[in-house]
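One structure is given here, and the rest of the page talks about it.
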There are 2 protein chains.
Amino acid sequence: MTELEKGPTGRRRGRGARERILSASQQLFREQGINRTGMDQLCAAAEVSKRTAYQHFTGKDELVAEYLRRFDPSVLSGVFDRTDLTPRERLLAAFDMPPTTPLCPYIAAAVELHDPQHPASQYARDYKKAVAARLADTAREAGAADPEQLGEQLALLIDGAAARTRVLNADAFPTAAAIAAVLINNAIPATASDDGQREETPS
Amino acid sequence: MTELEKGPTGRRRGRGARERILSASQQLFREQGINRTGMDQLCAAAEVSKRTAYQHFTGKDELVAEYLRRFDPSVLSGVFDRTDLTPRERLLAAFDMPPTTPLCPYIAAAVELHDPQHPASQYARDYKKAVAARLADTAREAGAADPEQLGEQLALLIDGAAARTRVLNADAFPTAAAIAAVLINNAIPATASDDGQREETPS
DNA sequence: TGTTATGTACACCGCCCTGTGTGCTTACGG
DNA sequence: CCGTAAGCACACAGGGCGGTGTACATAACA
């Protein structure tokens, strides 16, 4: 109890500075990028003193890493956990998030930090692999011939759409979705009533 | 004559400092990124005094923009100008550059600078559009049903492979090439002897 | 020869960055 | 009520950054 290391449970007595810091990180790192967001500005936005911030995080690097870990629930699980869709539809639904996600923060972090050893870069790798794995799982569920390959292909499409959207300032996800549709149709050997309702029970 | 603004013709009398600066930029911006490369370090690597550098470029921004303009010949034209390949093969050849191109510098610049108004960002957009246009031209030449769409799709694949290669530290271009093959086969309505030799003379 | 553009060497400025040191205030829990 | 930990205000250190000022060297061309 004496330690309690202010972990995921957050403030024990205080007024929750850690949450405000991470919340401000989400906004500022996205809007301005990591390198262009100073700790001074971040603390001001979080209404937290700089001293407090450095008591919660040993440095900016740790804060960045922790910031990246706060994305899974909002982006990833929301798509794969939908049981109202067939596996095939779930694969396509991954391309239906144009308004949010200006640029996948994992790509941005990997480029901005520019150090593969940085904890945030390592986490970005893990995350990308996890996404590909979940896509592969869903592809297998949908009856794809080579689920791993299809998962990797779809993951590449998502990253391509994200990167291209950023560079061109124009939504590229529809294009990626069109490609995904082709790939899925080619990889899944003529499933039942393809995209109408749920397919036959996967036994 | 009194002005001569040391333009594209380069040094008139001097010993070519401008070229050394741009050459060092190519190396350092790629290895370390733009933001992490200071003008001091860059000038040292180019064996150029800082004063000289600022006489050739009004600021780092201009240098970055000029640095990006030095990529077209090496990456782009080398693929599209090959007359020994059929248009169809040329489309696929765009994915055959794994050793070089650690990350497309245009994507990196757009992410690092993080300002769509920055001249380098604008040029990155222009370049990406130009690549898509050339791909579309080649697709049209190959007899694709919807060349614009195929060009945009292939461009997205290239960007996706570049981004994913960077984040994962693993070559993603083979995956992109596999997708490209599928798309091309689907989009080109059974051309002649598809990938054997060159197709019918383009008039 | 001298002029002029080009390049050099080096110190310097002001700014912003990450990160600390110190002392003070607040609020929760016993 | 008091102790203690969480948080705060503020100033400052140390360093890298982009960019400049000054004085000097060199090479081409008239």
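Ligands are numbered from 1 in the order shown, residues from 1 within each chain, and chains are lettered A, B, ... in the order they appear in the structure tokens.
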Those of segment 5-199 of chain A in DSSP helix (DSSP H, G or I), formatted as JSON, numbers by chain: {"A": [17, 18, 19, 20, 21, 22, 23, 24, 25, 26, 27, 28, 29, 30, 31, 32, 39, 40, 41, 42, 43, 44, 45, 46, 50, 51, 52, 53, 54, 55, 56, 60, 61, 62, 63, 64, 65, 66, 67, 68, 72, 73, 74, 75, 76, 77, 78, 79, 80, 87, 88, 89, 90, 91, 92, 93, 105, 106, 107, 108, 109, 110, 111, 112, 113, 119, 120, 121, 122, 123, 124, 125, 126, 127, 128, 129, 130, 131, 132, 133, 134, 135, 136, 137, 138, 139, 140, 141, 147, 148, 149, 150, 151, 152, 153, 154, 155, 156, 157, 158, 159, 160, 161, 162, 163, 164, 165, 166, 167, 168, 173, 174, 175, 176, 177, 178, 179, 180, 181, 182, 183, 184, 185, 186, 187]}
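In the superposition of chain A on chain B, with all Cα atoms paired by position, the RMSD stands at 0.6 Å.
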Identify, on the basis of only C-alpha atoms (C1' of nucleotides), every residue whose closest approach to Ser25 of chain B does not exceed 9 Å; exclude the query and any residue fewer than 6 positions from it along the same chain; express the result as a ChimeraX atom specification. /B:34,37,42,45-46,63-64,67
Mind dumping a table of every chain B residue within 8 Å of chain A, with the nearest atom pair and its distance in Å to one decimal, using only C-alpha atoms, sorted by chain and rising number, as JSON lines?
```
{"residue": "B:Gln32", "atom": "CA", "partner": "A:His114", "partner_atom": "CA", "distance": 6.8}
{"residue": "B:Gly33", "atom": "CA", "partner": "A:His114", "partner_atom": "CA", "distance": 6.7}
{"residue": "B:Tyr106", "atom": "CA", "partner": "A:Val167", "partner_atom": "CA", "distance": 7.8}
{"residue": "B:Ile107", "atom": "CA", "partner": "A:Val167", "partner_atom": "CA", "distance": 6.2}
{"residue": "B:Ala108", "atom": "CA", "partner": "A:Val111", "partner_atom": "CA", "distance": 6.3}
{"residue": "B:Ala110", "atom": "CA", "partner": "A:Val167", "partner_atom": "CA", "distance": 5.8}
{"residue": "B:Val111", "atom": "CA", "partner": "A:Ala108", "partner_atom": "CA", "distance": 6.4}
{"residue": "B:Glu112", "atom": "CA", "partner": "A:Glu112", "partner_atom": "CA", "distance": 5.8}
{"residue": "B:His114", "atom": "CA", "partner": "A:Gly33", "partner_atom": "CA", "distance": 6.8}
{"residue": "B:Pro116", "atom": "CA", "partner": "A:Asn169", "partner_atom": "CA", "distance": 8.0}
{"residue": "B:Ser121", "atom": "CA", "partner": "A:Val167", "partner_atom": "CA", "distance": 7.5}
{"residue": "B:Ala124", "atom": "CA", "partner": "A:Val167", "partner_atom": "CA", "distance": 7.0}
{"residue": "B:Arg125", "atom": "CA", "partner": "A:Leu168", "partner_atom": "CA", "distance": 5.2}
{"residue": "B:Lys128", "atom": "CA", "partner": "A:Leu168", "partner_atom": "CA", "distance": 7.5}
{"residue": "B:Glu152", "atom": "CA", "partner": "A:Thr175", "partner_atom": "CA", "distance": 7.6}
{"residue": "B:Gln153", "atom": "CA", "partner": "A:Thr175", "partner_atom": "CA", "distance": 6.4}
{"residue": "B:Leu156", "atom": "CA", "partner": "A:Gly160", "partner_atom": "CA", "distance": 5.3}
{"residue": "B:Leu157", "atom": "CA", "partner": "A:Gly160", "partner_atom": "CA", "distance": 6.1}
{"residue": "B:Ile158", "atom": "CA", "partner": "A:Gly160", "partner_atom": "CA", "distance": 7.5}
{"residue": "B:Asp159", "atom": "CA", "partner": "A:Gly160", "partner_atom": "CA", "distance": 5.1}
{"residue": "B:Gly160", "atom": "CA", "partner": "A:Gly160", "partner_atom": "CA", "distance": 3.2}
{"residue": "B:Ala161", "atom": "CA", "partner": "A:Leu156", "partner_atom": "CA", "distance": 6.4}
{"residue": "B:Ala163", "atom": "CA", "partner": "A:Asp159", "partner_atom": "CA", "distance": 6.6}
{"residue": "B:Arg164", "atom": "CA", "partner": "A:Asp159", "partner_atom": "CA", "distance": 6.5}
{"residue": "B:Arg166", "atom": "CA", "partner": "A:Ala110", "partner_atom": "CA", "distance": 7.5}
{"residue": "B:Val167", "atom": "CA", "partner": "A:Ala110", "partner_atom": "CA", "distance": 5.8}
{"residue": "B:Leu168", "atom": "CA", "partner": "A:Arg125", "partner_atom": "CA", "distance": 5.2}
{"residue": "B:Asn169", "atom": "CA", "partner": "A:Pro116", "partner_atom": "CA", "distance": 7.9}
{"residue": "B:Ala172", "atom": "CA", "partner": "A:Leu156", "partner_atom": "CA", "distance": 7.9}
{"residue": "B:Thr175", "atom": "CA", "partner": "A:Gln153", "partner_atom": "CA", "distance": 6.4}
{"residue": "B:Ala176", "atom": "CA", "partner": "A:Gln153", "partner_atom": "CA", "distance": 7.2}
{"residue": "B:Ile179", "atom": "CA", "partner": "A:Gln153", "partner_atom": "CA", "distance": 7.2}
{"residue": "B:Val182", "atom": "CA", "partner": "A:Leu183", "partner_atom": "CA", "distance": 7.6}
{"residue": "B:Leu183", "atom": "CA", "partner": "A:Ile179", "partner_atom": "CA", "distance": 7.5}
```
Proximity check chain D to chain A, 9 Å, nearest pairs one decimal Å, only C-alpha atoms (C1' of nucleotides), as JSON lines:
```
{"residue": "D:DA5", "atom": "C1'", "partner": "A:Arg13", "partner_atom": "CA", "distance": 8.2}
{"residue": "D:DA6", "atom": "C1'", "partner": "A:Gly14", "partner_atom": "CA", "distance": 5.1}
{"residue": "D:DG7", "atom": "C1'", "partner": "A:Thr52", "partner_atom": "CA", "distance": 6.4}
{"residue": "D:DC8", "atom": "C1'", "partner": "A:Ser49", "partner_atom": "CA", "distance": 6.0}
{"residue": "D:DA9", "atom": "C1'", "partner": "A:Ser49", "partner_atom": "CA", "distance": 7.9}
```
